[in-house]
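Here's protein.txt, which has compact mmCIF, C-alpha atoms:
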# COMPACT_ATOMS: atom_id res chain seq x y z
CA MET G 246 -11.41 -173.27 -206.09
CA THR G 247 -11.77 -176.10 -208.55
CA SER G 248 -11.21 -176.50 -212.24
CA ASP G 249 -11.84 -179.31 -214.68
CA ALA G 250 -8.88 -181.25 -216.01
CA SER G 251 -8.16 -180.67 -219.69
CA PRO G 252 -7.37 -183.44 -222.18
CA SER G 253 -3.98 -183.51 -223.84
CA ARG G 254 -3.58 -181.64 -227.12
CA ARG G 255 -2.76 -184.91 -228.93
CA ALA G 256 -5.92 -186.56 -227.60
CA VAL G 257 -8.05 -183.59 -228.57
CA LEU G 258 -6.67 -183.40 -232.08
CA GLY G 259 -7.19 -187.13 -232.50
CA LEU G 260 -10.84 -186.81 -231.50
CA ALA G 261 -11.30 -183.79 -233.74
CA ALA G 262 -10.07 -185.75 -236.73
CA ALA G 263 -12.77 -188.33 -236.07
CA VAL G 264 -15.63 -185.84 -236.41
CA PRO G 265 -17.35 -186.38 -239.78
CA ALA G 266 -17.03 -183.42 -242.09
CA ALA G 267 -20.76 -183.51 -242.74
CA LEU G 268 -21.44 -182.64 -239.11
CA LEU G 269 -19.29 -179.53 -239.37
CA ALA G 270 -21.06 -178.24 -242.48
CA THR G 271 -23.29 -175.20 -242.06
CA ALA G 272 -27.02 -175.75 -241.99
CA ALA G 273 -30.13 -173.68 -242.58
CA PRO G 274 -31.87 -171.91 -239.70
CA ALA G 275 -34.52 -173.85 -237.78
CA SER G 276 -37.51 -174.63 -239.95
CA ALA G 277 -40.88 -173.02 -239.32
CA ALA G 278 -42.25 -176.37 -238.20
CA THR G 279 -39.76 -176.61 -235.33
CA ALA G 280 -39.29 -172.94 -234.39
CA VAL G 281 -39.52 -172.36 -230.66
CA GLY G 282 -42.20 -169.80 -229.86
CA GLY G 283 -44.28 -170.19 -232.99
CA GLU G 284 -44.20 -171.23 -236.62
CA ARG G 285 -43.82 -167.72 -238.00
CA LEU G 286 -40.63 -167.18 -236.04
CA GLY G 287 -38.93 -169.81 -238.19
CA LEU G 288 -39.76 -167.96 -241.42
CA ASP G 289 -37.46 -165.55 -243.18
CA GLY G 290 -38.44 -161.92 -243.63
CA ILE G 291 -40.34 -159.51 -241.40
CA GLN G 292 -43.14 -161.10 -239.37
CA VAL G 293 -45.96 -158.82 -238.23
CA ARG G 294 -49.77 -158.94 -238.15
CA ARG G 295 -50.98 -155.37 -238.20
CA LEU G 296 -54.60 -154.55 -237.49
CA ALA G 297 -56.47 -151.47 -238.63
CA GLY G 298 -54.79 -148.32 -237.41
CA ALA G 299 -51.48 -149.98 -236.57
CA PRO G 300 -48.42 -147.82 -237.26
CA PRO G 301 -46.01 -148.96 -239.98
CA LEU G 302 -42.84 -150.70 -238.85
CA PRO G 303 -39.66 -148.62 -238.95
CA ARG G 304 -36.82 -149.72 -241.18
CA ALA G 305 -34.25 -151.53 -239.07
CA ALA G 306 -30.88 -152.09 -240.75
CA ALA G 307 -30.06 -155.22 -238.78
CA GLY G 308 -29.34 -158.90 -239.34
CA SER G 309 -32.17 -159.83 -237.00
CA TRP G 310 -34.47 -158.17 -234.47
CA LEU G 311 -37.46 -158.83 -232.24
CA VAL G 312 -40.07 -156.77 -230.34
CA ALA G 313 -41.89 -158.44 -227.44
CA ASP G 314 -44.06 -157.64 -224.45
CA CYS G 315 -41.94 -158.46 -221.42
CA GLU G 316 -44.82 -159.45 -219.16
CA SER G 317 -46.99 -161.53 -221.48
CA GLY G 318 -44.16 -162.79 -223.68
CA GLU G 319 -46.15 -161.91 -226.82
CA ILE G 320 -43.91 -161.16 -229.79
CA LEU G 321 -45.31 -158.17 -231.66
CA ALA G 322 -42.96 -158.33 -234.65
CA SER G 323 -39.69 -159.93 -235.63
CA TYR G 324 -37.14 -160.36 -238.38
CA ARG G 325 -35.20 -163.64 -238.53
CA ALA G 326 -35.85 -164.25 -234.84
CA HIS G 327 -33.99 -167.57 -234.76
CA HIS G 328 -31.11 -166.56 -237.02
CA ARG G 329 -27.87 -167.56 -235.32
CA LEU G 330 -25.26 -164.87 -234.93
CA PRO G 331 -22.35 -164.14 -232.58
CA PRO G 332 -23.90 -162.48 -229.51
CA ALA G 333 -20.92 -160.52 -228.12
CA SER G 334 -21.49 -159.35 -224.54
CA THR G 335 -25.25 -159.73 -224.66
CA LEU G 336 -24.41 -163.34 -223.74
CA LYS G 337 -23.51 -161.96 -220.31
CA MET G 338 -27.27 -161.85 -219.64
CA LEU G 339 -27.23 -165.66 -219.65
CA PHE G 340 -24.14 -165.58 -217.45
CA ALA G 341 -26.03 -163.41 -214.97
CA ASP G 342 -29.16 -165.57 -215.17
CA THR G 343 -26.96 -168.54 -214.24
CA VAL G 344 -24.53 -167.19 -211.64
CA LEU G 345 -26.04 -164.06 -210.08
CA PRO G 346 -28.48 -165.90 -207.75
CA LYS G 347 -25.71 -168.08 -206.31
CA PHE G 348 -23.69 -165.57 -204.24
CA ASP G 349 -24.63 -163.05 -201.57
CA LYS G 350 -23.93 -159.51 -202.75
CA ALA G 351 -21.98 -158.69 -199.59
CA LEU G 352 -19.59 -161.63 -199.97
CA LYS G 353 -15.96 -160.47 -200.34
CA HIS G 354 -13.40 -162.16 -202.54
CA ARG G 355 -9.69 -161.42 -202.70
CA VAL G 356 -8.71 -161.81 -206.34
CA THR G 357 -5.72 -163.98 -207.21
CA ALA G 358 -3.67 -164.06 -210.40
CA ALA G 359 -5.21 -167.46 -211.18
CA ASP G 360 -8.69 -165.88 -211.24
CA LEU G 361 -7.61 -163.69 -214.15
CA VAL G 362 -5.90 -166.34 -216.28
CA GLY G 363 -7.36 -166.86 -219.73
CA ILE G 364 -9.01 -163.47 -220.28
CA PRO G 365 -8.93 -163.00 -224.07
CA GLU G 366 -6.56 -160.39 -225.45
CA GLY G 367 -8.35 -157.15 -226.33
CA SER G 368 -11.21 -157.77 -223.88
CA SER G 369 -13.14 -154.95 -222.30
CA LEU G 370 -12.04 -154.66 -218.67
CA VAL G 371 -13.37 -152.89 -215.60
CA GLY G 372 -9.99 -152.89 -213.86
CA VAL G 373 -9.99 -155.88 -211.49
CA GLU G 374 -6.53 -156.41 -209.99
CA ALA G 375 -5.01 -159.43 -208.28
CA GLY G 376 -4.44 -158.82 -204.57
CA THR G 377 -7.46 -156.53 -204.21
CA SER G 378 -10.68 -157.56 -202.49
CA TYR G 379 -14.06 -156.98 -204.09
CA THR G 380 -17.60 -157.64 -203.00
CA VAL G 381 -19.82 -159.70 -205.29
CA ASP G 382 -21.93 -156.56 -205.66
CA GLN G 383 -18.95 -154.62 -207.02
CA LEU G 384 -18.03 -157.39 -209.43
CA TRP G 385 -21.56 -157.43 -210.86
CA HIS G 386 -21.39 -153.69 -211.36
CA GLY G 387 -18.23 -154.35 -213.34
CA VAL G 388 -20.07 -156.91 -215.47
CA PHE G 389 -23.19 -154.87 -216.19
CA LEU G 390 -21.78 -151.35 -216.45
CA ARG G 391 -18.39 -151.92 -218.11
CA SER G 392 -18.95 -155.41 -219.53
CA GLY G 393 -15.70 -156.34 -217.78
CA ASN G 394 -14.41 -159.72 -218.82
CA ASP G 395 -12.08 -159.57 -215.82
CA ALA G 396 -15.11 -159.40 -213.50
CA VAL G 397 -16.75 -162.26 -215.41
CA HIS G 398 -13.70 -164.47 -215.01
CA VAL G 399 -13.41 -163.75 -211.29
CA LEU G 400 -17.07 -164.63 -210.72
CA SER G 401 -16.59 -167.74 -212.85
CA ALA G 402 -13.58 -168.72 -210.71
CA MET G 403 -15.73 -168.31 -207.60
CA ASN G 404 -18.33 -170.52 -209.29
CA GLY G 405 -15.91 -173.42 -209.77
CA GLY G 406 -14.07 -172.27 -212.88
CA VAL G 407 -14.84 -171.29 -216.46
CA PRO G 408 -15.58 -174.82 -217.77
CA ALA G 409 -18.06 -175.47 -214.94
CA THR G 410 -19.72 -172.11 -215.55
CA VAL G 411 -20.00 -172.80 -219.28
CA ARG G 412 -21.72 -176.10 -218.56
CA GLU G 413 -24.14 -174.42 -216.17
CA MET G 414 -24.90 -171.68 -218.69
CA ALA G 415 -25.61 -174.25 -221.38
CA ALA G 416 -27.93 -176.12 -219.02
CA LYS G 417 -29.67 -172.84 -218.15
CA ALA G 418 -30.13 -172.09 -221.86
CA VAL G 419 -31.80 -175.47 -222.32
CA ASP G 420 -34.13 -174.81 -219.36
CA LEU G 421 -35.02 -171.40 -220.81
CA GLN G 422 -35.61 -173.14 -224.18
CA ALA G 423 -32.94 -170.99 -225.81
CA LEU G 424 -32.08 -173.68 -228.32
CA ASP G 425 -30.26 -171.40 -230.77
CA THR G 426 -27.54 -170.67 -228.24
CA HIS G 427 -24.15 -172.43 -228.14
CA VAL G 428 -22.06 -171.38 -225.16
CA VAL G 429 -18.28 -171.51 -225.46
CA SER G 430 -17.25 -168.88 -222.92
CA PRO G 431 -19.06 -166.91 -220.20
CA ASP G 432 -17.96 -163.51 -221.49
CA GLY G 433 -19.37 -163.50 -225.05
CA TYR G 434 -15.97 -163.05 -226.70
CA ASP G 435 -15.45 -164.06 -230.35
CA HIS G 436 -14.87 -167.78 -229.90
CA PRO G 437 -15.51 -170.26 -232.73
CA GLY G 438 -19.07 -171.57 -232.60
CA GLN G 439 -20.36 -169.15 -229.95
CA VAL G 440 -23.78 -168.08 -231.23
CA SER G 441 -27.22 -167.02 -230.09
CA SER G 442 -30.30 -165.38 -231.64
CA ALA G 443 -32.58 -162.41 -231.11
CA TYR G 444 -35.16 -164.82 -229.73
CA ASP G 445 -32.79 -166.37 -227.20
CA LEU G 446 -31.32 -163.06 -226.07
CA SER G 447 -34.86 -161.85 -225.43
CA LEU G 448 -35.49 -164.95 -223.32
CA PHE G 449 -32.36 -164.22 -221.28
CA ALA G 450 -33.38 -160.60 -220.71
CA ARG G 451 -36.96 -161.44 -219.79
CA HIS G 452 -35.83 -164.06 -217.29
CA GLY G 453 -33.21 -161.76 -215.81
CA LEU G 454 -35.52 -158.80 -215.34
CA ARG G 455 -37.60 -160.90 -212.96
CA ASN G 456 -34.61 -160.87 -210.60
CA THR G 457 -34.50 -157.68 -208.52
CA ASP G 458 -30.70 -157.51 -208.48
CA PHE G 459 -30.37 -158.16 -212.23
CA ARG G 460 -32.90 -155.40 -212.91
CA ALA G 461 -31.09 -152.98 -210.59
CA TYR G 462 -27.64 -153.66 -212.07
CA CYS G 463 -28.67 -153.17 -215.68
CA ALA G 464 -30.41 -149.89 -214.77
CA THR G 465 -27.43 -148.46 -212.85
CA ARG G 466 -25.74 -145.59 -214.68
CA THR G 467 -22.67 -145.02 -212.48
CA ALA G 468 -20.97 -146.82 -209.59
CA GLU G 469 -17.80 -146.66 -207.49
CA PHE G 470 -15.26 -149.41 -208.13
CA PRO G 471 -12.30 -150.39 -205.89
CA ALA G 472 -8.71 -149.56 -206.79
CA ARG G 473 -5.40 -150.22 -205.09
CA GLY G 474 -4.70 -148.74 -201.68
CA GLY G 475 -8.33 -148.52 -200.65
CA LYS G 476 -9.11 -145.97 -203.35
CA LYS G 477 -12.09 -146.01 -205.70
CA PHE G 478 -12.91 -144.73 -209.16
CA GLN G 479 -16.18 -144.18 -210.97
CA ILE G 480 -17.41 -146.47 -213.72
CA GLN G 481 -20.19 -145.61 -216.18
CA ASN G 482 -22.72 -147.80 -217.94
CA THR G 483 -21.93 -148.18 -221.65
CA ASP G 484 -25.65 -148.52 -222.49
CA ARG G 485 -26.21 -145.27 -224.38
CA LEU G 486 -29.99 -145.35 -224.04
CA LEU G 487 -30.01 -145.21 -220.25
CA GLY G 488 -31.07 -141.71 -219.28
CA GLU G 489 -31.68 -140.84 -222.92
CA TYR G 490 -34.65 -142.96 -223.97
CA ARG G 491 -37.82 -142.33 -221.95
CA GLY G 492 -38.63 -145.26 -219.69
CA MET G 493 -35.41 -147.16 -220.41
CA ILE G 494 -34.52 -149.75 -217.72
CA GLY G 495 -31.62 -151.73 -219.31
CA VAL G 496 -30.63 -154.41 -220.40
CA LYS G 497 -27.26 -155.22 -222.11
CA ASN G 498 -25.22 -154.10 -225.08
CA GLY G 499 -22.34 -155.82 -226.81
CA TYR G 500 -19.70 -155.39 -229.47
CA THR G 501 -16.90 -157.46 -230.93
CA THR G 502 -15.01 -157.20 -234.18
CA HIS G 503 -16.83 -160.14 -235.74
CA ALA G 504 -20.18 -159.91 -233.96
CA GLY G 505 -20.59 -156.23 -234.67
CA ASN G 506 -23.09 -154.49 -232.39
CA THR G 507 -25.76 -156.32 -230.44
CA PHE G 508 -28.24 -154.95 -227.94
CA THR G 509 -31.24 -156.01 -225.90
CA GLY G 510 -33.11 -153.10 -224.38
CA ALA G 511 -36.17 -152.87 -222.15
CA ALA G 512 -38.34 -149.84 -221.49
CA THR G 513 -41.49 -149.21 -219.47
CA ARG G 514 -44.26 -146.75 -220.31
CA ASP G 515 -47.75 -146.55 -218.83
CA GLY G 516 -47.20 -149.77 -216.91
CA ARG G 517 -46.15 -151.75 -219.97
CA THR G 518 -42.63 -153.10 -220.48
CA LEU G 519 -41.32 -153.93 -223.94
CA LEU G 520 -38.20 -155.84 -224.93
CA VAL G 521 -36.31 -155.18 -228.14
CA THR G 522 -33.30 -157.15 -229.35
CA VAL G 523 -31.25 -155.96 -232.32
CA MET G 524 -28.33 -157.94 -233.73
CA HIS G 525 -25.74 -156.85 -236.28
CA PRO G 526 -26.98 -153.55 -237.74
CA VAL G 527 -25.14 -152.74 -240.95
CA ASN G 528 -24.28 -149.12 -240.20
CA GLY G 529 -22.14 -149.38 -237.10
CA TYR G 530 -22.25 -148.46 -233.42
CA ASP G 531 -24.99 -145.81 -233.33
CA GLN G 532 -27.36 -147.79 -235.52
CA VAL G 533 -28.04 -150.45 -232.89
CA TYR G 534 -29.41 -147.76 -230.58
CA LYS G 535 -31.34 -146.01 -233.32
CA ASP G 536 -32.97 -149.28 -234.36
CA THR G 537 -33.78 -150.19 -230.77
CA SER G 538 -35.33 -146.78 -230.08
CA ALA G 539 -37.39 -146.88 -233.26
CA LEU G 540 -38.66 -150.41 -232.58
CA LEU G 541 -39.53 -149.54 -228.98
CA ASP G 542 -41.42 -146.45 -230.16
CA TRP G 543 -43.30 -148.61 -232.64
CA GLY G 544 -44.10 -151.23 -230.01
CA PHE G 545 -45.63 -148.72 -227.63
CA ARG G 546 -47.69 -147.12 -230.41
CA ALA G 547 -48.82 -150.50 -231.74
CA ALA G 548 -50.31 -151.66 -228.41
CA GLY G 549 -53.63 -153.35 -229.13
CA ARG G 550 -53.19 -152.87 -232.87
CA VAL G 551 -51.21 -155.97 -233.75
CA THR G 552 -51.78 -159.69 -233.37
CA PRO G 553 -48.78 -161.52 -231.86
CA VAL G 554 -46.66 -163.54 -234.28
CA GLY G 555 -45.22 -165.75 -231.55
CA THR G 556 -44.35 -165.91 -227.89
CA LEU G 557 -41.37 -166.01 -225.56
CA VAL G 558 -41.88 -169.43 -224.02
CA ALA G 559 -41.69 -170.22 -220.31
CA PRO G 560 -38.73 -172.13 -218.85
CA VAL G 561 -39.14 -175.88 -218.66
CA SER G 562 -38.53 -175.69 -214.89
CA GLU G 563 -41.55 -173.38 -214.60
CA GLY G 564 -43.94 -175.54 -216.54
CA GLY G 565 -43.00 -174.58 -220.07
CA ARG G 566 -43.61 -177.36 -222.59
CA PRO G 567 -40.20 -178.59 -223.81
CA ARG G 568 -39.67 -178.05 -227.51
CA ALA G 569 -38.10 -180.80 -229.57
CA ALA G 570 -36.61 -178.37 -232.04
CA ALA G 571 -33.34 -179.65 -233.44
CA THR G 572 -30.56 -177.09 -233.36
CA PRO G 573 -28.57 -177.11 -236.61
CA ALA G 574 -24.98 -176.03 -236.84
CA PRO G 575 -24.31 -172.27 -236.88
CA GLY G 576 -24.82 -170.62 -240.25
CA PRO G 577 -22.26 -168.67 -242.30
CA ASP G 578 -22.57 -165.48 -240.24
CA ALA G 579 -21.81 -167.42 -237.07
CA ALA G 580 -18.87 -169.19 -238.66
CA ARG G 581 -17.18 -165.86 -239.33
CA SER G 582 -17.09 -165.19 -235.60
CA GLY G 583 -14.39 -167.82 -235.29
CA SER G 584 -11.81 -165.76 -237.11
CA GLY G 585 -11.11 -163.89 -233.91
CA GLY G 586 -9.53 -167.02 -232.52
CA ALA G 587 -9.70 -168.48 -229.04
CA GLY G 588 -7.93 -166.67 -226.29
CA GLY G 589 -5.54 -168.76 -224.24
CA SER G 590 -7.31 -171.09 -221.85
CA SER G 591 -10.55 -169.15 -222.17
CA SER G 592 -11.85 -171.12 -225.14
CA TRP G 593 -13.93 -173.99 -223.84
CA PRO G 594 -16.09 -176.79 -225.22
CA LEU G 595 -19.72 -176.37 -226.19
CA PHE G 596 -22.28 -178.06 -224.02
CA GLY G 597 -26.00 -178.52 -223.69
CA ALA G 598 -28.22 -176.65 -226.10
CA GLY G 599 -26.78 -178.16 -229.25
CA GLY G 600 -27.06 -181.76 -228.08
CA GLY G 601 -24.84 -184.40 -229.67
CA LEU G 602 -23.65 -182.19 -232.51
CA ALA G 603 -22.51 -179.55 -230.05
CA ALA G 604 -20.52 -182.15 -228.16
CA LEU G 605 -18.74 -183.16 -231.36
CA LEU G 606 -18.12 -179.56 -232.36
CA ALA G 607 -16.69 -178.99 -228.88
CA VAL G 608 -13.71 -181.14 -229.82
CA GLY G 609 -12.59 -178.65 -232.42
CA THR G 610 -13.16 -175.76 -230.04
CA VAL G 611 -10.95 -177.29 -227.37
CA ALA G 612 -8.28 -178.05 -229.93
CA VAL G 613 -7.78 -174.39 -230.73
CA ARG G 614 -7.73 -173.21 -227.15
CA ASN G 615 -4.07 -172.22 -227.33
CA ARG G 616 -4.37 -170.10 -230.45
CA ARG G 617 -3.62 -166.43 -229.98
CA PRO G 618 -6.61 -164.14 -230.74
CA ARG G 619 -6.57 -161.06 -232.90
CA ARG G 620 -7.24 -157.88 -230.98
CA THR G 621 -10.94 -157.42 -230.43
CA ARG G 622 -12.43 -154.69 -228.30
CA LYS G 623 -15.49 -156.04 -226.57
CA HIS G 624 -18.20 -154.31 -224.58
Before we go any further, please render this structure as structure tokens.
Amino acid sequence: MTSDASPSRRAVLGLAAAVPAALLATAAPASAATAVGGERLGLDGIQVRRLAGAPPLPRAAAGSWLVADCESGEILASYRAHHRLPPASTLKMLFADTVLPKFDKALKHRVTAADLVGIPEGSSLVGVEAGTSYTVDQLWHGVFLRSGNDAVHVLSAMNGGVPATVREMAAKAVDLQALDTHVVSPDGYDHPGQVSSAYDLSLFARHGLRNTDFRAYCATRTAEFPARGGKKFQIQNTDRLLGEYRGMIGVKNGYTTHAGNTFTGAATRDGRTLLVTVMHPVNGYDQVYKDTSALLDWGFRAAGRVTPVGTLVAPVSEGGRPRAAATPAPGPDAARSGSGGAGGSSSWPLFGAGGGLAALLAVGTVAVRNRRPRRTRKH
């Protein structure tokens, strides 16, 4: 097991002081001219092109949302698709996109105390214990069903450590053209500067659902998980639409104190699969599921009655045309996510999708890595 060496606190603080204040100032969302997926996705307000007979859009009390056809990538409607907000555990979709293909499901790993170092205080946990052996399959059940940050950190340790995994996730985001996303940790916890968008989360889900194992994990409702002494206990999926919404197949929910509720859901009806991402509804936990259900209902009824307002682009590695969209610094909503603090050694630098600015902002993120977080329950 390897880990990257960390710079001294004095060196980090010295570098942080050199970052110009102008670079740390908040900036507006990506302009319409540079919006990945289409010009309209960079505009504020609801974007929809209804044809004759199209049903009216439901009211969604959320900070941003998006409805897309999973197969074609056509975006049927959106609201602030590129608005940057803390993603909470929906960022685990990118973690799975990056790490899941790398290990055989049957591979066993005996967890050590070092594997569990740096898990933020107040994290959601599946119950991984040092000294117990787990298969990769069981660890992924812990990630998808219980959003276990302990399972995420063990898989990250197997992948060469948290910093290496963060770098790989950032590179994967760039390949997927998820340019709104700044990765600070693999678990989605409330770290300063960790942001994504409804557009990017939809890219992560669409890419993941093409993987048979990813699709199976996010659709699993219950599983057996190892405990001490060879015993097992049952874990349940925290996605409240599984088994409740007709045709629901996943994908991932999330919650933190500062991110609020986030959710990307996929459902299939009559051979058509739709993706809906909802971020930061104003009315609490249930609202994210109500909004998702209503937008999915609308999407299925609106088939053939709307003109797409944009598209979920293909990965660069699969022939997608790279976008030159500049990624500005996170906006005010994203900045608030930092008040949760960075948990122990689990707060890591930003890499990749934000380019040079992200690298400079990373200095400040590393500098606060030893701050103690406020309690935040995360799913």
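For the residues G:Phe449, G:Tyr462, G:Phe545, G:Tyr434, ranking by smallest atom-to-atom distance to Thr343 (chain G) using only C-alpha atoms places G:Phe449 first.
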* Asked: Hey, what's within 6 Å of Thr335 (chain G) if we count only C-alpha atoms and toss same-chain stuff fewer than 5 positions away? As JSON, numbers by chain, please?
  -> {"G": [497, 498, 499]}
* To do: One decimal, Å: what's the distance from CA of Gly453 (chain G) over to CA of Thr507 (chain G), could you say?
  => 17.3 Å
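Note that the spacing between CA of Ala333 (chain G) and CA of Thr501 (chain G) amounts to 5.8 Å.
Proximity of G:Ser334, G:Thr556, G:Ser538, G:Thr518 to Asp435 (chain G), computed with only C-alpha atoms, is greatest for G:Ser334.
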* Asked: Do you know which residues are at most 10 Å from Pro560 (chain G) counting all atoms listed in the file, after dropping those on the same chain fewer than 2 positions away, and could you put them as a list of chain:residue names?
  ->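 Using all atoms listed in the file, the neighbours found are G:Lys417, G:Ala418, G:Val419, G:Asp420, G:Leu421, G:Gln422, G:Ala423, G:Leu448, G:His452, G:Leu557, G:Val558, G:Ser562, G:Glu563, G:Gly564, G:Gly565, G:Arg566, G:Pro567.
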What does the file look like for those residues with C-alpha atoms, as a CSV table (one decimal), keeping the file's coordinate frame?
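Output saved as out-v2.csv:
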chain,number,residue,atom,x,y,z
G,417,LYS,CA,-29.7,-172.8,-218.2
G,418,ALA,CA,-30.1,-172.1,-221.9
G,419,VAL,CA,-31.8,-175.5,-222.3
G,420,ASP,CA,-34.1,-174.8,-219.4
G,421,LEU,CA,-35.0,-171.4,-220.8
G,422,GLN,CA,-35.6,-173.1,-224.2
G,423,ALA,CA,-32.9,-171.0,-225.8
G,448,LEU,CA,-35.5,-165.0,-223.3
G,452,HIS,CA,-35.8,-164.1,-217.3
G,557,LEU,CA,-41.4,-166.0,-225.6
G,558,VAL,CA,-41.9,-169.4,-224.0
G,562,SER,CA,-38.5,-175.7,-214.9
G,563,GLU,CA,-41.6,-173.4,-214.6
G,564,GLY,CA,-43.9,-175.5,-216.5
G,565,GLY,CA,-43.0,-174.6,-220.1
G,566,ARG,CA,-43.6,-177.4,-222.6
G,567,PRO,CA,-40.2,-178.6,-223.8
* Asked: Any idea what's packed within 12 Å of Ala443 (chain G), counting only C-alpha atoms, ignoring anything in its chain fewer than 6 positions away? Could you give it as a PyMOL selection string?
  -> chain G and resi 286+307-313+320+322-332+335-336+423-426+449-450+507-510+520-525+557
* For CA of Arg517 (chain G) and CA of Asp542 (chain G), the interatomic separation in Å (one decimal) ->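 A separation of 12.4 Å between them.
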* Name the closest residue to Val527 (chain G) among the candidates G:Val373, G:Ala504, G:Ala359, G:Ala351; distances are taken between atoms, counting only C-alpha atoms. =>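 Ranking G:Val373, G:Ala504, G:Ala359, G:Ala351 by distance to Val527 (chain G), first place goes to G:Ala504.
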* List as a VMD selection string: which residues have an atom within 7 Å of (-14.4, -154.9, -213.7), counting all atoms listed in the file? -> chain G and resid 370 to 373 384 387 to 388 391 393 395 to 396
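Distance annotation: of G:Ser401, G:Ser368, G:Gln383, G:Asn528, the residue with the minimal separation from Ala472 (chain G) is G:Gln383; atom set is only C-alpha atoms.
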